[in-house]
Amino acid sequence: QDSSQAAKPRGTAGFAAICADTPAKGGSKRVALVVDFGTAADAPDGSTPPPARTACARVGTDASASEALAAVAKPLRYNSAALLCAIDGYPKKGCGEQVSDGGDGGKKTPAPSGTAIASTAAADN
């Protein structure tokens, strides 16, 4: 809703709350994820974004944030340039489509990256 805050997930859940039900385990790490699919105003025509959600991924100690996301939000869809285009099947088509910035009279302006945002809250070993 406020593009100056676009890189920050909405909500306040932290690592302790997100991973409370996922105990630590030797040889792995836990990664708290916040998946925010955006607002209805930013959704591709005719679609409704799923509600934001949190998840705790337990992955190998050398896993990337992308691997943690894949562990809890499949399917992921990428374009030919390896840009993440969809998380958990949303949006169903397109990649990095333009969205309104709210100040252009309804015209479309370029989106800075993919449609959905996934953010890691913290990780442990």
# chains A, B, ... in the order shown; residues from 1 in each chain; ligands from 1
call {"tool": "residues_around", "arguments": {"residues": "Gly46 (chain A)", "least_positions_apart": "4", "cutoff": "12 Å", "atoms": "only C-alpha atoms", "output": "list in words"}}
result
Ala40, Ala41, Asp42, Pro91, Lys92 and Lys93 of chain A
call {"tool": "write_last_selection", "arguments": {"atoms": "C-alpha atoms", "output": "PDB file, in the first residue's frame"}}
result
ATOM      1  CA  ALA A  40      -5.665  -6.330  -4.453  1.00  0.00           C
ATOM      2  CA  ALA A  41      -4.714  -3.033  -6.139  1.00  0.00           C
ATOM      3  CA  ASP A  42      -1.454  -4.629  -7.319  1.00  0.00           C
ATOM      4  CA  PRO A  91       0.239 -15.226  -9.888  1.00  0.00           C
ATOM      5  CA  LYS A  92      -0.808 -17.937 -12.312  1.00  0.00           C
ATOM      6  CA  LYS A  93       0.854 -16.238 -15.298  1.00  0.00           C
TER       7      LYS A  93
END
call {"tool": "closest_residue", "arguments": {"among": "A:Gly27, A:Pro75, A:Pro44, A:Gly89", "to": "Val59 (chain A)", "atoms": "only C-alpha atoms"}}
result
A:Gly27
call {"tool": "closest_residue", "arguments": {"among": "A:Ser66, A:Asn79, A:Thr61, A:Thr54", "to": "Gly11 (chain A)", "atoms": "only C-alpha atoms"}}
result
A:Thr54
call {"tool": "atom_distance", "arguments": {"atom1": "CA of Leu76 (chain A)", "atom2": "CA of Asp88 (chain A)"}}
result
5.9 Å
call {"tool": "closest_residue", "arguments": {"among": "A:Ser80, A:Ala57, A:Thr39, A:Asp45", "to": "Ala20 (chain A)", "atoms": "only C-alpha atoms"}}
result
A:Ala57
call {"tool": "atom_distance", "arguments": {"atom1": "CA of Arg30 (chain A)", "atom2": "CA of Cys56 (chain A)"}}
result
6.4 Å
call {"tool": "closest_residue", "arguments": {"among": "A:Ala13, A:Leu84, A:Val31, A:Ala71", "to": "Ala52 (chain A)", "atoms": "only C-alpha atoms"}}
result
A:Ala13
call {"tool": "residues_around", "arguments": {"residues": "Leu69 (chain A)", "least_positions_apart": "2", "cutoff": "9 Å", "atoms": "only C-alpha atoms", "output": "list in words"}}
result
Val31, Leu33, Val35, Ala55, Ala57, Ser64, Ala65, Ser66, Glu67, Ala71, Val72, Ala73, Lys74, Leu76, Ile87, Ala118 and Thr120 of chain A
call {"tool": "write_last_selection", "arguments": {"atoms": "N, CA, C and O atoms", "output": "tab-separated table (two decimals), in the first residue's frame"}}
result
chain	number	residue	atom	x	y	z
A	31	VAL	N	14.53	-21.27	9.23
A	31	VAL	CA	14.44	-19.96	8.61
A	31	VAL	C	12.98	-19.52	8.68
A	31	VAL	O	12.09	-20.22	8.19
A	33	LEU	N	10.01	-17.33	7.49
A	33	LEU	CA	9.67	-16.63	6.25
A	33	LEU	C	8.34	-15.91	6.40
A	33	LEU	O	7.40	-16.44	7.00
A	35	VAL	N	5.67	-14.41	3.72
A	35	VAL	CA	5.33	-14.37	2.30
A	35	VAL	C	4.15	-13.42	2.14
A	35	VAL	O	3.06	-13.69	2.62
A	55	ALA	N	5.84	-18.90	7.62
A	55	ALA	CA	6.20	-20.32	7.65
A	55	ALA	C	7.61	-20.44	8.19
A	55	ALA	O	8.43	-19.55	8.02
A	57	ALA	N	10.81	-22.80	7.78
A	57	ALA	CA	11.43	-23.86	6.98
A	57	ALA	C	12.62	-24.44	7.75
A	57	ALA	O	13.42	-23.69	8.31
A	64	SER	N	20.09	-21.81	0.94
A	64	SER	CA	19.86	-20.40	0.67
A	64	SER	C	18.43	-20.02	1.07
A	64	SER	O	17.59	-20.89	1.33
A	65	ALA	N	18.14	-18.73	1.07
A	65	ALA	CA	16.77	-18.26	1.33
A	65	ALA	C	15.83	-18.80	0.27
A	65	ALA	O	14.68	-19.14	0.56
A	66	SER	N	16.30	-18.92	-0.97
A	66	SER	CA	15.49	-19.47	-2.04
A	66	SER	C	15.12	-20.92	-1.76
A	66	SER	O	13.98	-21.34	-1.98
A	67	GLU	N	16.05	-21.69	-1.25
A	67	GLU	CA	15.77	-23.09	-0.91
A	67	GLU	C	14.80	-23.19	0.27
A	67	GLU	O	13.93	-24.07	0.30
A	71	ALA	N	11.00	-24.84	0.19
A	71	ALA	CA	10.60	-25.88	1.14
A	71	ALA	C	9.20	-25.66	1.69
A	71	ALA	O	8.54	-26.61	2.10
A	72	VAL	N	8.71	-24.41	1.69
A	72	VAL	CA	7.42	-24.14	2.33
A	72	VAL	C	6.38	-23.50	1.42
A	72	VAL	O	5.22	-23.36	1.83
A	73	ALA	N	6.74	-23.13	0.20
A	73	ALA	CA	5.79	-22.38	-0.65
A	73	ALA	C	5.79	-22.85	-2.10
A	73	ALA	O	5.72	-22.05	-3.01
A	74	LYS	N	5.88	-24.15	-2.33
A	74	LYS	CA	5.85	-24.68	-3.70
A	74	LYS	C	4.46	-24.55	-4.28
A	74	LYS	O	3.48	-24.56	-3.53
A	76	LEU	N	7.20	-22.87	-7.03
A	76	LEU	CA	7.81	-21.61	-7.42
A	76	LEU	C	7.94	-21.63	-8.93
A	76	LEU	O	8.23	-22.66	-9.51
A	87	ILE	N	5.01	-17.45	-6.48
A	87	ILE	CA	5.22	-18.19	-5.24
A	87	ILE	C	3.92	-18.90	-4.92
A	87	ILE	O	2.86	-18.26	-4.91
A	118	ALA	N	9.03	-12.39	-0.50
A	118	ALA	CA	9.29	-13.32	0.59
A	118	ALA	C	10.46	-12.76	1.36
A	118	ALA	O	11.46	-12.36	0.77
A	120	THR	N	13.05	-13.24	4.85
A	120	THR	CA	13.46	-14.08	5.98
A	120	THR	C	13.53	-13.21	7.21
A	120	THR	O	14.06	-12.11	7.18
call {"tool": "atom_distance", "arguments": {"atom1": "CA of Gly94 (chain A)", "atom2": "CA of Pro50 (chain A)"}}
result
16.4 Å
call {"tool": "closest_residue", "arguments": {"among": "A:Lys25, A:Tyr78, A:Gly96, A:Asp36", "to": "Pro51 (chain A)", "atoms": "only C-alpha atoms"}}
result
A:Asp36
call {"tool": "select_by_dssp", "arguments": {"residues": "region 8-81 of chain A", "states": "strand (DSSP E)", "output": "PDB file with N, CA, C and O atoms, in the first residue's frame"}}
result
ATOM      1  N   SER A  28      20.803 -28.872  10.738  1.00  0.00           N
ATOM      2  CA  SER A  28      19.872 -28.063   9.943  1.00  0.00           C
ATOM      3  C   SER A  28      19.742 -26.688  10.578  1.00  0.00           C
ATOM      4  O   SER A  28      20.235 -26.436  11.674  1.00  0.00           O
ATOM      5  N   LYS A  29      19.082 -25.812   9.861  1.00  0.00           N
ATOM      6  CA  LYS A  29      18.760 -24.503  10.416  1.00  0.00           C
ATOM      7  C   LYS A  29      17.293 -24.220  10.151  1.00  0.00           C
ATOM      8  O   LYS A  29      16.690 -24.798   9.249  1.00  0.00           O
ATOM      9  N   ARG A  30      16.732 -23.362  10.974  1.00  0.00           N
ATOM     10  CA  ARG A  30      15.361 -22.919  10.772  1.00  0.00           C
ATOM     11  C   ARG A  30      15.399 -21.511  10.193  1.00  0.00           C
ATOM     12  O   ARG A  30      16.185 -20.680  10.619  1.00  0.00           O
ATOM     13  N   VAL A  31      14.533 -21.274   9.227  1.00  0.00           N
ATOM     14  CA  VAL A  31      14.435 -19.958   8.607  1.00  0.00           C
ATOM     15  C   VAL A  31      12.980 -19.518   8.679  1.00  0.00           C
ATOM     16  O   VAL A  31      12.093 -20.219   8.187  1.00  0.00           O
ATOM     17  N   ALA A  32      12.733 -18.397   9.313  1.00  0.00           N
ATOM     18  CA  ALA A  32      11.384 -17.839   9.406  1.00  0.00           C
ATOM     19  C   ALA A  32      11.119 -17.021   8.154  1.00  0.00           C
ATOM     20  O   ALA A  32      11.905 -16.158   7.793  1.00  0.00           O
ATOM     21  N   LEU A  33      10.014 -17.325   7.490  1.00  0.00           N
ATOM     22  CA  LEU A  33       9.665 -16.633   6.253  1.00  0.00           C
ATOM     23  C   LEU A  33       8.336 -15.911   6.403  1.00  0.00           C
ATOM     24  O   LEU A  33       7.399 -16.437   7.000  1.00  0.00           O
ATOM     25  N   VAL A  34       8.264 -14.723   5.829  1.00  0.00           N
ATOM     26  CA  VAL A  34       7.022 -13.978   5.694  1.00  0.00           C
ATOM     27  C   VAL A  34       6.782 -13.868   4.195  1.00  0.00           C
ATOM     28  O   VAL A  34       7.604 -13.320   3.471  1.00  0.00           O
ATOM     29  N   VAL A  35       5.669 -14.411   3.721  1.00  0.00           N
ATOM     30  CA  VAL A  35       5.332 -14.369   2.298  1.00  0.00           C
ATOM     31  C   VAL A  35       4.151 -13.419   2.141  1.00  0.00           C
ATOM     32  O   VAL A  35       3.056 -13.693   2.623  1.00  0.00           O
ATOM     33  N   ASP A  36       4.395 -12.301   1.469  1.00  0.00           N
ATOM     34  CA  ASP A  36       3.376 -11.271   1.268  1.00  0.00           C
ATOM     35  C   ASP A  36       3.097 -11.175  -0.224  1.00  0.00           C
ATOM     36  O   ASP A  36       3.959 -10.799  -1.001  1.00  0.00           O
ATOM     37  N   ARG A  53       1.279 -14.751   4.684  1.00  0.00           N
ATOM     38  CA  ARG A  53       1.407 -15.839   5.653  1.00  0.00           C
ATOM     39  C   ARG A  53       2.856 -15.980   6.101  1.00  0.00           C
ATOM     40  O   ARG A  53       3.763 -15.424   5.487  1.00  0.00           O
ATOM     41  N   THR A  54       3.035 -16.712   7.170  1.00  0.00           N
ATOM     42  CA  THR A  54       4.366 -16.996   7.677  1.00  0.00           C
ATOM     43  C   THR A  54       4.586 -18.503   7.643  1.00  0.00           C
ATOM     44  O   THR A  54       3.639 -19.278   7.639  1.00  0.00           O
ATOM     45  N   ALA A  55       5.843 -18.897   7.621  1.00  0.00           N
ATOM     46  CA  ALA A  55       6.196 -20.316   7.652  1.00  0.00           C
ATOM     47  C   ALA A  55       7.611 -20.444   8.194  1.00  0.00           C
ATOM     48  O   ALA A  55       8.434 -19.548   8.023  1.00  0.00           O
ATOM     49  N   CYS A  56       7.871 -21.561   8.832  1.00  0.00           N
ATOM     50  CA  CYS A  56       9.210 -21.864   9.315  1.00  0.00           C
ATOM     51  C   CYS A  56       9.751 -23.040   8.509  1.00  0.00           C
ATOM     52  O   CYS A  56       9.190 -24.130   8.538  1.00  0.00           O
ATOM     53  N   ALA A  57      10.813 -22.802   7.778  1.00  0.00           N
ATOM     54  CA  ALA A  57      11.433 -23.859   6.981  1.00  0.00           C
ATOM     55  C   ALA A  57      12.617 -24.437   7.755  1.00  0.00           C
ATOM     56  O   ALA A  57      13.424 -23.689   8.308  1.00  0.00           O
ATOM     57  N   ARG A  58      12.702 -25.748   7.790  1.00  0.00           N
ATOM     58  CA  ARG A  58      13.886 -26.410   8.340  1.00  0.00           C
ATOM     59  C   ARG A  58      14.654 -26.945   7.146  1.00  0.00           C
ATOM     60  O   ARG A  58      14.155 -27.777   6.394  1.00  0.00           O
ATOM     61  N   VAL A  59      15.842 -26.423   6.939  1.00  0.00           N
ATOM     62  CA  VAL A  59      16.649 -26.753   5.769  1.00  0.00           C
ATOM     63  C   VAL A  59      18.085 -27.036   6.200  1.00  0.00           C
ATOM     64  O   VAL A  59      18.465 -26.782   7.344  1.00  0.00           O
ATOM     65  N   GLY A  60      18.880 -27.535   5.268  1.00  0.00           N
ATOM     66  CA  GLY A  60      20.292 -27.798   5.549  1.00  0.00           C
ATOM     67  C   GLY A  60      21.027 -26.529   5.933  1.00  0.00           C
ATOM     68  O   GLY A  60      20.623 -25.422   5.565  1.00  0.00           O
ATOM     69  N   LEU A  76       7.203 -22.869  -7.026  1.00  0.00           N
ATOM     70  CA  LEU A  76       7.806 -21.607  -7.418  1.00  0.00           C
ATOM     71  C   LEU A  76       7.942 -21.629  -8.931  1.00  0.00           C
ATOM     72  O   LEU A  76       8.227 -22.657  -9.515  1.00  0.00           O
ATOM     73  N   ARG A  77       7.728 -20.480  -9.562  1.00  0.00           N
ATOM     74  CA  ARG A  77       7.862 -20.397 -11.022  1.00  0.00           C
ATOM     75  C   ARG A  77       8.858 -19.294 -11.344  1.00  0.00           C
ATOM     76  O   ARG A  77       8.756 -18.187 -10.823  1.00  0.00           O
ATOM     77  N   TYR A  78       9.823 -19.622 -12.206  1.00  0.00           N
ATOM     78  CA  TYR A  78      10.862 -18.685 -12.633  1.00  0.00           C
ATOM     79  C   TYR A  78      10.753 -18.445 -14.131  1.00  0.00           C
ATOM     80  O   TYR A  78      10.290 -19.312 -14.868  1.00  0.00           O
TER      81      TYR A  78
END
